[in-house]
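**Q** Next comes model.cif, mmCIF, C-alpha atoms:
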data_model
#
loop_
_atom_site.label_atom_id
_atom_site.label_comp_id
_atom_site.auth_asym_id
_atom_site.auth_seq_id
_atom_site.Cartn_x
_atom_site.Cartn_y
_atom_site.Cartn_z
CA MET A 1 -21.00 -2.59 -10.86
CA ILE A 2 -20.57 1.16 -10.44
CA TYR A 3 -17.37 1.46 -12.43
CA THR A 4 -19.14 0.41 -15.65
CA ASN A 5 -21.32 3.54 -15.44
CA ASN A 6 -18.47 6.01 -15.00
CA SER A 7 -18.79 9.19 -17.08
CA TYR A 8 -15.21 9.01 -18.32
CA SER A 9 -14.94 5.29 -19.00
CA ASN A 10 -14.35 6.04 -22.68
CA ILE A 11 -10.99 7.70 -21.90
CA LEU A 12 -10.06 5.93 -18.66
CA HIS A 13 -10.70 2.31 -19.65
CA LYS A 14 -9.42 0.10 -22.43
CA HIS A 15 -11.91 -0.88 -25.13
CA PRO A 16 -13.54 -3.17 -26.08
CA HIS A 17 -14.40 -4.50 -22.64
CA GLN A 18 -12.64 -7.74 -21.74
CA GLU A 19 -12.14 -9.76 -18.57
CA CYS A 20 -9.24 -12.00 -17.69
CA THR A 21 -10.01 -15.71 -17.98
CA ARG A 22 -8.09 -16.49 -14.80
CA CYS A 23 -8.78 -13.62 -12.39
CA VAL A 24 -11.42 -10.84 -12.40
CA MET A 25 -9.26 -7.98 -13.65
CA ASP A 26 -10.69 -6.28 -16.71
CA THR A 27 -10.22 -3.35 -19.04
CA SER A 28 -11.07 -0.81 -16.36
CA ASP A 29 -7.27 -1.04 -16.16
CA PRO A 30 -6.37 0.90 -19.35
CA TRP A 31 -2.90 -0.68 -19.51
CA ILE A 32 -4.04 -4.29 -19.18
CA THR A 33 -2.98 -6.81 -21.84
CA PHE A 34 -4.02 -10.40 -22.51
CA ASN A 35 -2.23 -13.40 -24.01
CA GLU A 36 -3.74 -15.75 -26.57
CA ASP A 37 -5.56 -17.61 -23.78
CA GLY A 38 -7.13 -14.44 -22.42
CA VAL A 39 -4.93 -14.39 -19.29
CA CYS A 40 -3.99 -10.86 -18.23
CA ASN A 41 -0.50 -9.46 -17.74
CA HIS A 42 -1.08 -9.26 -13.97
CA CYS A 43 -1.55 -13.01 -13.67
CA GLN A 44 1.47 -13.62 -15.87
CA ALA A 45 3.59 -11.28 -13.73
CA TYR A 46 2.44 -13.12 -10.60
CA ASP A 47 3.67 -16.43 -12.03
CA VAL A 48 7.05 -14.93 -12.91
CA ASN A 49 7.49 -13.35 -9.47
CA LEU A 50 6.44 -16.56 -7.75
CA GLN A 51 9.22 -18.40 -9.53
CA LYS A 52 11.72 -15.75 -8.43
CA ILE A 53 10.71 -16.19 -4.79
CA GLY A 54 11.38 -19.90 -5.09
CA THR A 55 10.00 -23.14 -3.73
CA ALA A 56 8.62 -23.58 -0.22
CA ALA A 57 12.03 -24.87 0.84
CA ASP A 58 13.73 -21.83 -0.71
CA ARG A 59 11.39 -19.46 1.11
CA GLN A 60 11.88 -21.22 4.42
CA ARG A 61 15.63 -20.97 4.03
CA LYS A 62 15.39 -17.26 3.24
CA LEU A 63 13.20 -16.71 6.28
CA GLU A 64 15.61 -18.54 8.60
CA GLN A 65 18.57 -16.63 7.18
CA MET A 66 16.77 -13.34 7.71
CA VAL A 67 15.96 -14.18 11.34
CA ASP A 68 19.56 -15.20 12.03
CA GLN A 69 20.89 -12.00 10.48
CA LEU A 70 18.47 -9.79 12.39
CA LYS A 71 19.32 -11.39 15.71
CA ILE A 72 23.04 -10.98 15.05
CA ARG A 73 22.67 -7.34 13.96
CA GLY A 74 20.40 -6.59 16.91
CA LYS A 75 22.55 -8.25 19.57
CA GLY A 76 23.05 -5.97 22.56
CA LYS A 77 20.35 -3.56 21.35
CA ASP A 78 16.80 -2.99 22.54
CA TYR A 79 15.37 -3.94 19.14
CA ASP A 80 16.52 -6.07 16.24
CA CYS A 81 14.05 -4.66 13.70
CA ILE A 82 11.39 -2.02 13.15
CA MET A 83 7.94 -2.25 11.59
CA GLY A 84 4.89 -0.12 10.96
CA LEU A 85 1.51 -0.95 12.47
CA SER A 86 -1.70 0.39 10.94
CA GLY A 87 -4.09 -2.05 12.59
CA GLY A 88 -4.92 -3.66 9.24
CA VAL A 89 -4.75 -7.40 8.64
CA ASP A 90 -1.26 -7.61 7.14
CA SER A 91 0.60 -5.40 9.60
CA SER A 92 -1.30 -6.88 12.56
CA TYR A 93 -0.50 -10.44 11.53
CA LEU A 94 3.11 -9.47 10.84
CA ALA A 95 3.43 -8.18 14.41
CA TRP A 96 2.08 -11.46 15.81
CA PHE A 97 4.21 -13.56 13.47
CA VAL A 98 7.55 -11.88 14.15
CA VAL A 99 7.02 -11.99 17.91
CA LYS A 100 5.37 -15.37 18.40
CA LYS A 101 6.88 -17.38 15.55
CA LEU A 102 10.21 -15.71 14.80
CA GLY A 103 11.17 -14.59 18.29
CA LEU A 104 12.17 -11.11 17.13
CA ARG A 105 12.05 -7.87 19.09
CA PRO A 106 10.49 -5.22 16.84
CA LEU A 107 10.07 -1.55 17.59
CA VAL A 108 6.58 -0.75 16.35
CA VAL A 109 5.81 2.58 14.73
CA HIS A 110 2.31 3.91 14.19
CA VAL A 111 1.84 7.03 12.08
CA ASP A 112 -1.30 8.96 13.00
CA THR A 113 -2.53 11.11 10.12
CA GLY A 114 -5.78 12.04 11.85
CA TRP A 115 -8.08 9.55 10.11
CA ASN A 116 -7.96 6.45 12.30
CA SER A 117 -11.31 4.85 13.00
CA GLU A 118 -12.15 4.05 16.63
CA LEU A 119 -11.95 0.38 15.71
CA ALA A 120 -8.42 0.83 14.36
CA VAL A 121 -7.31 2.49 17.59
CA ASN A 122 -8.73 -0.40 19.64
CA ASN A 123 -7.07 -3.00 17.41
CA ILE A 124 -3.70 -1.30 17.71
CA GLN A 125 -3.96 -1.04 21.48
CA ASN A 126 -4.87 -4.72 21.81
CA ILE A 127 -1.99 -5.82 19.60
CA VAL A 128 0.61 -3.75 21.44
CA GLN A 129 -0.60 -4.79 24.88
CA ARG A 130 -1.02 -8.50 24.20
CA LEU A 131 2.30 -8.82 22.41
CA ASN A 132 4.07 -6.57 24.95
CA LEU A 133 5.48 -4.32 22.24
CA ASP A 134 7.09 -0.90 22.46
CA MET A 135 5.27 1.44 20.10
CA HIS A 136 6.13 4.95 19.00
CA THR A 137 3.16 6.92 17.71
CA LEU A 138 4.12 9.73 15.36
CA VAL A 139 1.37 12.31 14.96
CA ILE A 140 1.55 14.20 11.67
CA ASP A 141 0.78 17.91 11.98
CA TRP A 142 -2.92 18.08 11.18
CA PRO A 143 -3.06 21.43 9.31
CA GLU A 144 -0.22 20.22 7.05
CA ILE A 145 -1.56 16.74 6.25
CA ARG A 146 -5.04 18.16 5.72
CA ASP A 147 -3.71 20.80 3.33
CA LEU A 148 -1.77 18.14 1.42
CA GLN A 149 -4.72 15.75 1.22
CA ARG A 150 -6.99 18.58 0.12
CA ALA A 151 -4.45 19.51 -2.58
CA TYR A 152 -4.49 15.95 -3.88
CA PHE A 153 -8.27 15.93 -3.98
CA LEU A 154 -8.40 19.27 -5.82
CA SER A 155 -5.83 17.96 -8.31
CA GLY A 156 -8.28 15.26 -9.38
CA ILE A 157 -5.72 12.44 -9.66
CA ALA A 158 -6.43 8.82 -8.76
CA ASN A 159 -4.23 8.00 -5.77
CA LEU A 160 -5.42 10.24 -2.94
CA ASP A 161 -3.67 8.00 -0.41
CA VAL A 162 -0.20 9.27 -1.35
CA PRO A 163 0.00 11.88 1.46
CA GLN A 164 -0.67 9.19 4.09
CA ASP A 165 1.49 6.52 2.44
CA HIS A 166 4.42 8.87 1.89
CA ALA A 167 4.34 9.90 5.54
CA PHE A 168 4.34 6.21 6.57
CA ILE A 169 7.39 5.43 4.43
CA ALA A 170 9.39 8.50 5.42
CA SER A 171 8.59 8.14 9.13
CA LEU A 172 9.59 4.49 9.28
CA PHE A 173 13.00 5.11 7.71
CA SER A 174 13.51 8.16 9.92
CA GLU A 175 12.73 6.26 13.12
CA ALA A 176 14.96 3.37 12.05
CA ARG A 177 17.85 5.78 11.56
CA LYS A 178 17.13 7.56 14.84
CA TYR A 179 17.39 4.34 16.84
CA GLY A 180 20.16 2.73 14.83
CA ILE A 181 17.96 -0.07 13.49
CA LYS A 182 19.14 -1.58 10.22
CA ASP A 183 16.24 -3.88 9.36
CA ILE A 184 12.71 -2.80 8.41
CA LEU A 185 9.92 -5.36 8.24
CA ASN A 186 7.14 -4.79 5.73
CA GLY A 187 3.77 -6.57 5.67
CA GLY A 188 3.58 -6.51 1.88
CA ASN A 189 3.11 -9.88 0.24
CA MET A 190 2.26 -11.46 -3.10
CA GLN A 191 -0.44 -13.72 -1.68
CA THR A 192 -2.90 -10.91 -0.97
CA GLU A 193 -1.68 -7.88 -2.93
CA SER A 194 0.27 -9.02 -5.96
CA ILE A 195 -2.12 -7.29 -8.35
CA LEU A 196 -2.59 -3.53 -8.41
CA PRO A 197 -2.61 -1.72 -11.77
CA ASN A 198 -0.04 1.05 -12.10
CA ALA A 199 -2.62 3.05 -14.04
CA TRP A 200 -4.77 3.26 -10.91
CA GLY A 201 -2.16 5.06 -8.89
CA TYR A 202 1.47 6.14 -8.69
CA ASP A 203 4.50 5.54 -6.50
CA ALA A 204 3.79 7.12 -3.12
CA SER A 205 7.49 7.58 -2.38
CA ASP A 206 8.00 10.14 -5.17
CA SER A 207 8.53 13.39 -3.26
CA VAL A 208 8.90 15.39 -6.49
CA SER A 209 5.36 14.45 -7.53
CA LEU A 210 4.02 15.12 -4.04
CA LYS A 211 5.60 18.58 -3.83
CA ALA A 212 4.47 19.49 -7.35
CA ILE A 213 0.83 18.77 -6.56
CA HIS A 214 1.02 20.58 -3.23
CA HIS A 215 2.75 23.57 -4.85
CA LYS A 216 -0.16 23.99 -7.26
CA PHE A 217 -3.09 23.30 -4.95
CA GLY A 218 -1.78 23.70 -1.39
CA THR A 219 -2.18 26.79 0.74
CA ILE A 220 0.39 26.43 3.56
CA LYS A 221 4.05 25.42 3.83
CA LEU A 222 4.89 21.85 4.83
CA LYS A 223 7.29 22.56 7.68
CA SER A 224 7.16 19.30 9.63
CA TYR A 225 5.52 16.84 7.25
CA PRO A 226 7.98 13.91 6.81
CA THR A 227 9.33 13.33 3.30
CA ILE A 228 11.74 10.93 1.65
CA ASN A 229 13.43 11.55 -1.68
CA ILE A 230 14.67 9.17 -4.34
CA PHE A 231 18.32 9.52 -3.25
CA GLU A 232 17.50 8.65 0.35
CA LYS A 233 15.28 5.71 -0.51
CA LEU A 234 17.46 4.05 -3.15
CA LEU A 235 20.99 5.08 -2.15
CA TYR A 236 21.45 6.72 1.25
CA TYR A 237 19.41 4.39 3.46
CA PRO A 238 20.31 1.05 1.81
CA PHE A 239 23.95 1.69 0.86
CA PHE A 240 25.29 4.41 3.16
CA LEU A 241 23.41 3.28 6.28
CA GLY A 242 23.07 -0.40 5.35
CA MET A 243 19.31 -0.56 5.93
CA ARG A 244 17.34 -3.46 4.50
CA VAL A 245 13.62 -3.93 3.91
CA HIS A 246 12.26 -7.46 4.41
CA ARG A 247 8.85 -8.94 3.55
CA PRO A 248 8.54 -12.00 5.83
CA LEU A 249 4.95 -12.78 4.82
CA GLU A 250 6.29 -13.37 1.31
CA TRP A 251 8.13 -16.44 2.57
CA ILE A 252 5.27 -18.23 4.33
CA ASP A 253 1.95 -19.74 3.34
CA TYR A 254 0.08 -16.57 4.24
CA ASN A 255 -3.70 -16.89 4.06
CA LYS A 256 -5.80 -13.78 4.76
CA ASN A 257 -8.87 -15.56 6.19
CA ASP A 258 -6.70 -17.73 8.43
CA ALA A 259 -4.83 -14.61 9.54
CA LYS A 260 -8.08 -12.85 10.47
CA THR A 261 -9.26 -15.85 12.47
CA LEU A 262 -5.99 -16.04 14.38
CA LEU A 263 -5.94 -12.30 15.08
CA LYS A 264 -9.46 -12.41 16.47
CA GLN A 265 -8.63 -15.34 18.74
CA GLU A 266 -5.16 -14.28 19.85
CA LEU A 267 -5.30 -10.50 19.89
CA GLY A 268 -8.97 -9.53 20.10
CA TRP A 269 -8.75 -8.03 16.63
CA ARG A 270 -11.93 -6.91 14.85
CA ASP A 271 -12.50 -6.72 11.10
CA TYR A 272 -12.97 -3.43 9.21
CA GLY A 273 -14.94 -4.91 6.33
CA GLY A 274 -12.50 -3.93 3.58
CA LYS A 275 -8.80 -3.71 2.72
CA HIS A 276 -7.24 -0.60 4.33
CA TYR A 277 -10.58 0.48 5.76
CA GLU A 278 -8.89 1.11 9.11
CA SER A 279 -8.54 4.68 7.77
CA VAL A 280 -11.77 6.63 7.25
CA PHE A 281 -10.01 8.62 4.53
CA THR A 282 -8.90 5.50 2.67
CA LYS A 283 -12.30 3.86 2.96
CA PHE A 284 -14.09 6.80 1.34
CA PHE A 285 -11.33 7.23 -1.25
CA GLN A 286 -11.36 3.56 -2.30
CA ALA A 287 -15.05 2.79 -2.00
CA HIS A 288 -16.48 6.00 -3.42
CA TYR A 289 -14.01 8.48 -4.95
CA LEU A 290 -12.18 6.00 -7.18
CA PRO A 291 -15.18 4.13 -8.62
CA THR A 292 -17.28 7.27 -8.99
CA LYS A 293 -14.71 9.59 -10.55
CA PHE A 294 -12.47 7.09 -12.33
CA GLY A 295 -14.46 3.89 -12.62
CA TYR A 296 -11.75 1.98 -10.74
CA ASP A 297 -13.02 -0.67 -8.33
CA LYS A 298 -10.02 -1.78 -6.26
CA ARG A 299 -11.90 -4.90 -5.20
CA LEU A 300 -11.06 -6.27 -8.66
CA ALA A 301 -7.36 -6.10 -7.81
CA HIS A 302 -7.78 -7.30 -4.22
CA TYR A 303 -9.89 -10.32 -5.20
CA SER A 304 -7.67 -11.10 -8.18
CA SER A 305 -4.66 -11.29 -5.88
CA LEU A 306 -6.54 -13.81 -3.74
CA ILE A 307 -7.61 -15.77 -6.83
CA VAL A 308 -4.10 -16.24 -8.24
CA SER A 309 -2.82 -17.30 -4.80
CA GLY A 310 -5.62 -19.87 -4.46
CA GLN A 311 -7.48 -18.14 -1.61
CA MET A 312 -10.64 -17.29 -3.59
CA THR A 313 -12.40 -18.59 -6.69
CA ARG A 314 -13.60 -16.40 -9.54
CA GLU A 315 -17.15 -17.39 -8.71
CA GLU A 316 -16.74 -16.23 -5.11
CA ALA A 317 -15.22 -12.97 -6.34
CA TYR A 318 -18.15 -12.32 -8.68
CA ILE A 319 -20.60 -12.80 -5.82
CA GLU A 320 -18.67 -10.30 -3.67
CA LEU A 321 -18.44 -7.81 -6.54
CA GLN A 322 -22.23 -7.73 -6.82
CA LYS A 323 -22.43 -6.30 -3.32
CA PRO A 324 -22.60 -2.50 -3.03
CA LEU A 325 -19.40 -0.73 -2.09
CA TYR A 326 -21.22 1.42 0.45
CA ASP A 327 -24.40 1.36 2.47
CA GLN A 328 -26.25 4.45 1.26
CA GLN A 329 -26.83 5.97 4.70
CA GLU A 330 -23.23 5.31 5.71
CA LEU A 331 -22.04 6.85 2.45
CA GLU A 332 -23.93 10.08 3.08
CA ALA A 333 -22.62 10.29 6.63
CA ASP A 334 -19.02 9.60 5.56
CA LYS A 335 -19.31 12.10 2.70
CA LEU A 336 -20.36 14.90 5.04
CA PHE A 337 -17.61 13.94 7.50
CA TRP A 338 -14.98 13.79 4.72
CA ILE A 339 -15.92 17.20 3.29
CA LYS A 340 -15.92 18.87 6.70
CA LYS A 341 -12.68 17.28 7.89
CA LEU A 342 -10.83 18.15 4.66
CA GLY A 343 -12.02 21.73 4.94
CA ILE A 344 -13.62 21.98 1.51
CA THR A 345 -17.07 23.20 0.54
CA ALA A 346 -19.83 20.99 -0.79
CA ALA A 347 -19.62 22.97 -4.03
CA ASP A 348 -15.88 22.24 -4.34
CA TYR A 349 -16.56 18.57 -3.73
CA GLU A 350 -19.23 18.33 -6.41
CA ARG A 351 -17.12 20.31 -8.88
CA VAL A 352 -14.06 18.07 -8.48
CA MET A 353 -16.13 14.90 -8.67
CA ALA A 354 -17.72 16.08 -11.93
CA GLU A 355 -14.53 17.32 -13.60
CA LYS A 356 -12.45 15.29 -16.01
CA PRO A 357 -9.92 13.22 -14.04
CA SER A 358 -6.25 14.15 -14.00
CA PHE A 359 -3.22 11.87 -14.13
CA TYR A 360 0.01 11.89 -12.17
CA THR A 361 1.78 12.56 -15.48
CA ASP A 362 0.12 15.98 -15.53
CA PHE A 363 2.50 17.01 -12.75
CA ASN A 364 6.28 16.98 -12.40
CA ASN A 365 7.56 13.62 -11.14
CA ASN A 366 10.59 11.36 -10.86
CA GLU A 367 9.23 8.40 -12.81
CA GLN A 368 11.86 8.36 -15.57
CA LEU A 369 14.76 8.83 -13.15
CA LEU A 370 13.35 6.09 -10.95
CA LYS A 371 13.14 3.70 -13.90
CA LEU A 372 16.73 4.53 -14.90
CA ILE A 373 18.05 3.91 -11.38
CA ARG A 374 16.17 0.63 -11.02
CA THR A 375 17.30 -0.59 -14.45
CA SER A 376 20.90 0.32 -13.65
CA ALA A 377 20.64 -1.41 -10.27
CA ARG A 378 19.32 -4.62 -11.86
CA THR A 379 22.07 -4.54 -14.48
CA GLY A 380 24.70 -3.96 -11.82
CA ALA A 381 23.35 -6.84 -9.73
CA ARG A 382 23.47 -9.21 -12.71
CA LEU A 383 27.05 -8.22 -13.53
CA TYR A 384 28.06 -8.63 -9.90
CA ARG A 385 26.55 -12.13 -9.75
CA ARG A 386 28.38 -13.12 -12.94
CA PHE A 387 31.65 -11.78 -11.54
CA LYS A 388 31.18 -13.65 -8.26
CA SER A 389 30.37 -16.89 -10.10
CA ARG A 390 33.67 -16.70 -11.97
CA THR A 391 35.83 -15.98 -8.93
#
As structure tokens, please, write out the structure in this file.
**A**
Amino acid sequence: MIYTNNSYSNILHKHPHQECTRCVMDTSDPWITFNEDGVCNHCQAYDVNLQKIGTAADRQRKLEQMVDQLKIRGKGKDYDCIMGLSGGVDSSYLAWFVVKKLGLRPLVVHVDTGWNSELAVNNIQNIVQRLNLDMHTLVIDWPEIRDLQRAYFLSGIANLDVPQDHAFIASLFSEARKYGIKDILNGGNMQTESILPNAWGYDASDSVSLKAIHHKFGTIKLKSYPTINIFEKLLYYPFFLGMRVHRPLEWIDYNKNDAKTLLKQELGWRDYGGKHYESVFTKFFQAHYLPTKFGYDKRLAHYSSLIVSGQMTREEAYIELQKPLYDQQELEADKLFWIKKLGITAADYERVMAEKPSFYTDFNNNEQLLKLIRTSARTGARLYRRFKSRT
């Protein structure tokens, strides 16, 4: 596999090399740990989180309660919830599920950052038309998003998808506020994406980190690019405006292959061939930039998530991991397209790819404040539950 030949494996990966005995995660995650049975911390965290979610009966009850609440809060309004739609498996299935199975009326938001594949556009159109959904497409100013993405590339950090992801998060909350919608539906779920090493990326919602990287490597002002700060995300939207984020797929027996089959039959959906490959930017970033510059193969995390949820065996994952990340001709074509669209020179591209990788910690960020707020919130929630149990 390509990540084993990375030039900087000695500083980016944990040594000696070791693989989890349960999933396929290995020491290309420098922060990975193993118990006495060789099971990694990611698998152990999955088991703990699964217990928190509860039994099948618990999840069904939570789902029914959520639906009841959304219908009550949305009574007399055009929509009772809002959700993003990228055209990927999870968001596409979520759209079908909330309409066909839950009977909800979502406002769909699609954020166009200029990198949609033609296939993604067709998938989105089919979903919206066949489910009779209202969709708002928010087009991010191209010179600004390009300058921000180029800044991230020049910085040499791992998660180049932050500019797109941050815009998605900020836009969804902004649209929800604009239309008075209190409930946001998210396609995230433990079954297919419970494992993703923190060392391979960083929180996309950290506007301090985003602005620090753009300040150093950007060339134009971000006048219209949507942002969300830590106060808005953790305090203003949830407590002052009463907004809630729900993950309905977390509460059902969500199977990715079954979801793909249903989407193809019901909505004319077509597969992209990889997780998040609906974006040309993300495809090149995940399948070439990360493994080449950092030695991080995100398939390890994607397949491991499927393994712990019982949707794939380790043997099946190993077979898939032997396949090349890119067809060579397609890689060359995508590389030329990527360089041209980002507005960098071939020399800049080769220089950045050859340089020693950077880390998000090399730039100003809100990580410590975020940890403090989350710890305080958990402590407050525990104290509140104890108080309620005694009254």
**Q** For the PyMOL selection byres ((chain A and resi 148) around 10), applied here, can you spell out every residue it catches as a list in words?
**A**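 Going through the file, the PyMOL selection byres ((chain A and resi 148) around 10) ends up selecting Trp142, Pro143, Glu144, Ile145, Arg146, Asp147, Gln149, Arg150, Ala151, Tyr152, Phe153, Leu154, Leu160, Val162, Pro163, Gln164, Leu210, Lys211, Ile213, His214, His215, Phe217, Gly218, Thr219, Ile220, Lys221, Leu222, Tyr225 and Leu342 of chain A.
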**Q** Since I can't run it myself right now, could you work out what the PyMOL selection byres ((chain A and resi 44-54) around 12) selects here and report it as a ChimeraX atom specification?
**A** /A:20-23,32-35,37-43,55-63,189-197,247-252,304-309
**Q** Please report the interatomic distance between atom CA of A:Glu36 and atom CA of A:Phe294 in Å with one decimal.
**A**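 Separating atom CA of A:Glu36 from atom CA of A:Phe294 is a distance of 28.3 Å.
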**Q** Selection in question (the file shown): the PyMOL selection byres ((chain A and resi 264) around 12). Which residues does it include, as a ChimeraX atom specification?
**A** /A:89,92-93,96,123,126-127,257-263,265-271
**Q** Report as a list in words all protein, DNA and RNA residues lying within 7 Å of stretch 97-108 of chain A, evaluated on all atoms listed in the file, omitting residues in the same chain fewer than 6 positions from it.
**A** Val67, Tyr79, Asp80, Cys81, Ile82, Met83, Gly84, Leu85, Leu133, Asp134, Met135 and His136 of chain A
**Q** Atom CA of A:Trp338 and atom CA of A:Ile140 are how many Å apart?
**A**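 Answer for the atom CA of A:Trp338 to atom CA of A:Ile140 separation: 17.9 Å.
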**Q** Taking only C-alpha atoms into account, which of A:Leu12, A:Val121, A:Ile319, A:Met25 comes nearest A:Ile157?
**A**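 For A:Ile157, the nearest of the given residues is A:Leu12.
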**Q** Please measure the separation of atom CA of A:Ala287 and atom CA of A:Leu325, giving the value in Å to one decimal.
**A**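 Distance reported for this atom pair: 5.6 Å.
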**Q** Quick one: residues within 10 Å of A:Glu320, all atoms listed in the file counted, chain neighbours fewer than 6 positions away excluded, as a list in words?
**A** Arg299, Leu300, Tyr303 and Arg314 of chain A
**Q** Taking 3 positions as the minimum chain separation for residues in the same chain, which residues sit within 7 Å of A:His166 when counting only C-alpha atoms? Answer as a PDB file with C-alpha atoms, in the frame of the given file.
**A**
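Wrote result_12.pdb, looks like this:
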ATOM      1  CA  VAL A 162      -0.200   9.270  -1.350  1.00  0.00           C
ATOM      2  CA  PRO A 163       0.000  11.880   1.460  1.00  0.00           C
ATOM      3  CA  ILE A 169       7.390   5.430   4.430  1.00  0.00           C
ATOM      4  CA  ALA A 170       9.390   8.500   5.420  1.00  0.00           C
ATOM      5  CA  ALA A 204       3.790   7.120  -3.120  1.00  0.00           C
ATOM      6  CA  SER A 205       7.490   7.580  -2.380  1.00  0.00           C
ATOM      7  CA  THR A 227       9.330  13.330   3.300  1.00  0.00           C
TER       8      THR A 227
END
**Q** Restricting the calculation to all atoms listed in the file: of A:Asn186, A:Asn159, A:Ser171, A:Thr375, which residue gets closest to A:Ser224?
**A**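 Nearest candidate to A:Ser224 out of A:Asn186, A:Asn159, A:Ser171, A:Thr375: A:Ser171.
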**Q** Looking at only C-alpha atoms, which of A:Lys356, A:His17, A:Lys371, A:Lys77 is the one that sits closest to A:Tyr179?
**A**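 Comparing A:Lys356, A:His17, A:Lys371, A:Lys77 against A:Tyr179, the winner is A:Lys77.
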**Q** Rank nothing, just name the residue among A:Tyr202, A:Phe359, A:Tyr237, A:Tyr296 nearest to A:Glu175, using all atoms listed in the file.
**A**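 Using all atoms listed in the file, A:Glu175 sits closest to A:Tyr237.
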**Q** Would you mind writing stretch 183-194 of chain A with N, CA, C and O atoms, as a PDB file, in the frame of the given file?
**A**
ATOM      1  N   ASP A 183      17.158  -2.995  10.087  1.00  0.00           N
ATOM      2  CA  ASP A 183      16.240  -3.880   9.360  1.00  0.00           C
ATOM      3  C   ASP A 183      14.784  -3.452   9.556  1.00  0.00           C
ATOM      4  O   ASP A 183      14.284  -3.360  10.684  1.00  0.00           O
ATOM      5  N   ILE A 184      14.114  -3.216   8.432  1.00  0.00           N
ATOM      6  CA  ILE A 184      12.710  -2.800   8.410  1.00  0.00           C
ATOM      7  C   ILE A 184      11.865  -3.953   7.902  1.00  0.00           C
ATOM      8  O   ILE A 184      12.153  -4.531   6.850  1.00  0.00           O
ATOM      9  N   LEU A 185      10.827  -4.294   8.649  1.00  0.00           N
ATOM     10  CA  LEU A 185       9.920  -5.360   8.240  1.00  0.00           C
ATOM     11  C   LEU A 185       8.670  -4.744   7.620  1.00  0.00           C
ATOM     12  O   LEU A 185       8.079  -3.807   8.164  1.00  0.00           O
ATOM     13  N   ASN A 186       8.269  -5.294   6.484  1.00  0.00           N
ATOM     14  CA  ASN A 186       7.140  -4.790   5.730  1.00  0.00           C
ATOM     15  C   ASN A 186       6.103  -5.895   5.577  1.00  0.00           C
ATOM     16  O   ASN A 186       6.450  -7.036   5.291  1.00  0.00           O
ATOM     17  N   GLY A 187       4.822  -5.569   5.769  1.00  0.00           N
ATOM     18  CA  GLY A 187       3.770  -6.570   5.670  1.00  0.00           C
ATOM     19  C   GLY A 187       3.320  -6.866   4.254  1.00  0.00           C
ATOM     20  O   GLY A 187       2.416  -7.684   4.041  1.00  0.00           O
ATOM     21  N   GLY A 188       3.938  -6.243   3.265  1.00  0.00           N
ATOM     22  CA  GLY A 188       3.580  -6.510   1.880  1.00  0.00           C
ATOM     23  C   GLY A 188       3.820  -7.962   1.509  1.00  0.00           C
ATOM     24  O   GLY A 188       4.743  -8.597   2.006  1.00  0.00           O
ATOM     25  N   ASN A 189       2.989  -8.479   0.621  1.00  0.00           N
ATOM     26  CA  ASN A 189       3.110  -9.880   0.240  1.00  0.00           C
ATOM     27  C   ASN A 189       2.381 -10.146  -1.070  1.00  0.00           C
ATOM     28  O   ASN A 189       1.394  -9.488  -1.381  1.00  0.00           O
ATOM     29  N   MET A 190       2.871 -11.117  -1.810  1.00  0.00           N
ATOM     30  CA  MET A 190       2.260 -11.460  -3.100  1.00  0.00           C
ATOM     31  C   MET A 190       0.939 -12.192  -2.946  1.00  0.00           C
ATOM     32  O   MET A 190       0.080 -12.129  -3.823  1.00  0.00           O
ATOM     33  N   GLN A 191       0.758 -12.894  -1.835  1.00  0.00           N
ATOM     34  CA  GLN A 191      -0.440 -13.720  -1.680  1.00  0.00           C
ATOM     35  C   GLN A 191      -1.721 -12.890  -1.677  1.00  0.00           C
ATOM     36  O   GLN A 191      -2.761 -13.342  -2.144  1.00  0.00           O
ATOM     37  N   THR A 192      -1.664 -11.684  -1.104  1.00  0.00           N
ATOM     38  CA  THR A 192      -2.900 -10.910  -0.970  1.00  0.00           C
ATOM     39  C   THR A 192      -2.878  -9.585  -1.707  1.00  0.00           C
ATOM     40  O   THR A 192      -3.897  -8.911  -1.788  1.00  0.00           O
ATOM     41  N   GLU A 193      -1.730  -9.175  -2.246  1.00  0.00           N
ATOM     42  CA  GLU A 193      -1.680  -7.880  -2.930  1.00  0.00           C
ATOM     43  C   GLU A 193      -0.683  -7.864  -4.085  1.00  0.00           C
ATOM     44  O   GLU A 193       0.022  -6.886  -4.298  1.00  0.00           O
ATOM     45  N   SER A 194      -0.647  -8.956  -4.824  1.00  0.00           N
ATOM     46  CA  SER A 194       0.270  -9.020  -5.960  1.00  0.00           C
ATOM     47  C   SER A 194      -0.227  -8.210  -7.146  1.00  0.00           C
ATOM     48  O   SER A 194       0.550  -7.795  -7.998  1.00  0.00           O
TER      49      SER A 194
END
